[in-house]
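S.K.: Below you will find the structure I want to go over with you.
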Amino acid sequence: MEKIISQYLELLINLGLSAEWANFIRATSIIIVILLICYISDIITKRITIHYISLFAKKSKTKWDDIILEKKVFNQLVHFIPALIIHYTIELALVNSTKTVNFIQSIIYVYMAIIAMIVINSFLKALNEIYSHSPFSKNRPIKGYIQLVNIFVTVIGVILIYSHLTGNPVKGVFAGLGAMAAVLMLVFKDTILGLVASVQLSANNMVKIGDWISMPSHKADGTVEEITLNTVKVQNWDKTISTIPTYALVSNSFTNWRGMEESGGRRIKRSINIDMRSVKFCTSELLNKFSKIQYLNKYITNKTEELNTYNTEHQIDNSVVVNGRRLTNIGTFRMYIEEYLKNHPKIHNDMTFLVRQLQPSENGIPIEIYVFSNDQAWSNYESIQSDIFDHILAIIPEFELLVFQNPSGNDIATAFNKR
């Protein structure tokens with residue numbers, strides 16, 4: 001090649017051009033040829049090579065090659081070819097301009113370093129996308145680690161560029177960074193905390209994509225959409241997005257409802273306050289009425305026999321109500337709720353099942369229902385819970401009980417009018 005260029009230079013001089021003009025035309029001609037070669041190589045690689053790679057990827061059954069194409073890894077990679085051509089051929093054009101050649105090669109070096117970082121970044125994005133389609137991605141997201149590698153590659157790339165432009169050895173640059181460790185720790189504090197938190201969250205399986213979490217301190221209550229090195233993105237039930245620092249999930253408390261979702265049941269925990277003034281022993285008329293109720297028929301029969309036997313054996317005087325053992329309307333009501341819920345198709349009978357009486361207060365006697373529905377969908381769960389308490393509130397008068405509620409203006413007006 002050098003022989004051909006020398007012959008070309010001699011030809012220009014023989015044509016009557018001065019040495020200075022001959023060298024200028026020679027350099028200009030070679031630069032034009034180099035640029036033309038770069039343009040042709042760019043066309044070949046982009047329009048032909050990439051085209052056939054795309055066809056191959058579309059025909060293949062695997063999805064990873066389509067993702068790599070989508071993230072334009074090959075499109076970025078082909079930018080190396082023109083840069084390499086200029087880097088190794090520029091000396092042919094600028095024979096006697098060592099400083100200019102070194103300057104251009106330095107620019108090309110920086111350009112290729114930047115392209116390398118872009119290619120690696122695109123590849124890492126493609127890698128994360130490929131991994132996100134695997135069944136392990138929800139339990140073990142790697143986006144935080146991908147971001148960490150990307151930061152590491154960027155830092156290394158910047159150090160190499162700085163070292164090349166300044167002429168300082170890489171070891172010297174790293175030594176200078178060591179002296180600036182305190183500053184770097186301050187600058188990358190969130191990233192370092194996020195990295196440690198990401199490892200802890202992943203290792204301890206504390207949270208994963210798709211989990212329902214509640215974190216009132218950050219006004220988050222919804223589904224985890226994304227876990228990155230620095231933030232966790234949560235889509236709240238009102239469709240707003242809350243962004244939580246990753247390390248906050250380790251340093252602060254939050255509720256993960258995954259256990260409820262995996263258990264197959266969703267807790268119903270609600271109570272009804274009964275007015276204590278309406279509690280009484282059951283009369284024979286009430287017992288006769290209760291015995292006709294489907295869920296109480298067997299209970300009333302067995303319990304009445306049990307109490308009659310006990311009172312007879314202990315020679316109880318039934319003429320006085322407080323003597324012996326007797327059924328109460330509130331106890332019978334509680335038993336009805338138990339039987340009603342046991343026969344309810346939407347209640348999980350294999351999980352905690354309680355209908356209990358809580359501590360009486362100035363607001364009456366709370367009868368608490370503590371059961372689990374077998375349908376966890378939010379709308380269905382609320383519908384089941386509402387249907388149960390609609391029914392319970394409606395049947396309370398049948399047991400001659402009253403629901404306690406604070407008097408309203410209408411109650412006071414009614415009492416006043418009765419006067």
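Just remember, in the structure tokens the first chain shown is A, the second B, etc., residues are 1-based per chain, and ligands are 1-based in the order shown.
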Which region 335-372 of chain A residues have any atom within 10 Å of an atom of region 245-264 of chain A, and for each, what is the nearest pair of atoms with distance in Å to one decimal, counting only C-alpha atoms, rows sorted by chain and number, as JSON lines?
M.R.:
{"residue": "A:His348", "atom": "CA", "partner": "A:Gly264", "partner_atom": "CA", "distance": 8.4}
{"residue": "A:Met351", "atom": "CA", "partner": "A:Ser263", "partner_atom": "CA", "distance": 9.2}
{"residue": "A:Phe372", "atom": "CA", "partner": "A:Gly264", "partner_atom": "CA", "distance": 9.0}
S.K.: List every residue of region 50-276 of chain A that DSSP, applied to the backbone of this structure, places in strand (DSSP E or B), and write the result as a ChimeraX atom specification.
M.R.: /A:212-215,220-227,231-236,241-245,255-256,266-274
S.K.: Which one is closest to Gln235 (chain A): A:Asp211, A:Ile67, A:Ser217, A:Asn150? Count only C-alpha atoms.
M.R.: A:Asp211
S.K.: Neighbours of Gly157 (chain A) within 9 Å (only C-alpha atoms; same-chain residues fewer than 5 positions away dropped), as a JSON list (two decimals) with C-alpha atoms, in the first residue's frame?
M.R.:
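Resulting contents of selection09.json:
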[["chain", "number", "residue", "atom", "x", "y", "z"],
["A", 113, "ALA", "CA", -14.65, 3.45, 24.13],
["A", 114, "ILE", "CA", -18.00, 5.23, 24.15],
["A", 116, "ALA", "CA", -18.14, -0.11, 23.65],
["A", 117, "MET", "CA", -19.99, 1.24, 26.69],
["A", 152, "PHE", "CA", -19.02, -0.45, 36.78],
["A", 162, "TYR", "CA", -9.25, 9.87, 31.04]]
S.K.: Rounded to one decimal place, report the CA of Ile90 (chain A)-CA of His164 (chain A) distance in Å.
M.R.: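 Pair CA of Ile90 (chain A) / CA of His164 (chain A) returns 18.7 Å.
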S.K.: Restricting the calculation to only C-alpha atoms: of A:Ile85, A:Ile146, A:Val78, A:Ile274, which residue gets closest to Ile44 (chain A)?
M.R.: A:Val78
S.K.: I need the residue nearest Val355 (chain A) from this list: A:Trp378, A:Gly222, A:Ser271, A:Asp387. Use only C-alpha atoms for the distance.
M.R.: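 Using only C-alpha atoms, the shortest distance to Val355 (chain A) belongs to A:Ser271.
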S.K.: Do you know which residues are at most 10 Å from region 325-339 of chain A counting only C-alpha atoms, after dropping those on the same chain fewer than 3 positions away, and could you put them as an NGL selection string?
M.R.: :A and (274 or 276 or 278-283 or 286-287 or 290 or 293-297 or 299-300 or 303-304 or 306-308 or 310-311 or 316 or 318 or 321-322 or 342-344 or 353-357 or 365 or 367-369 or 388 or 391-392 or 395-396 or 398-401)
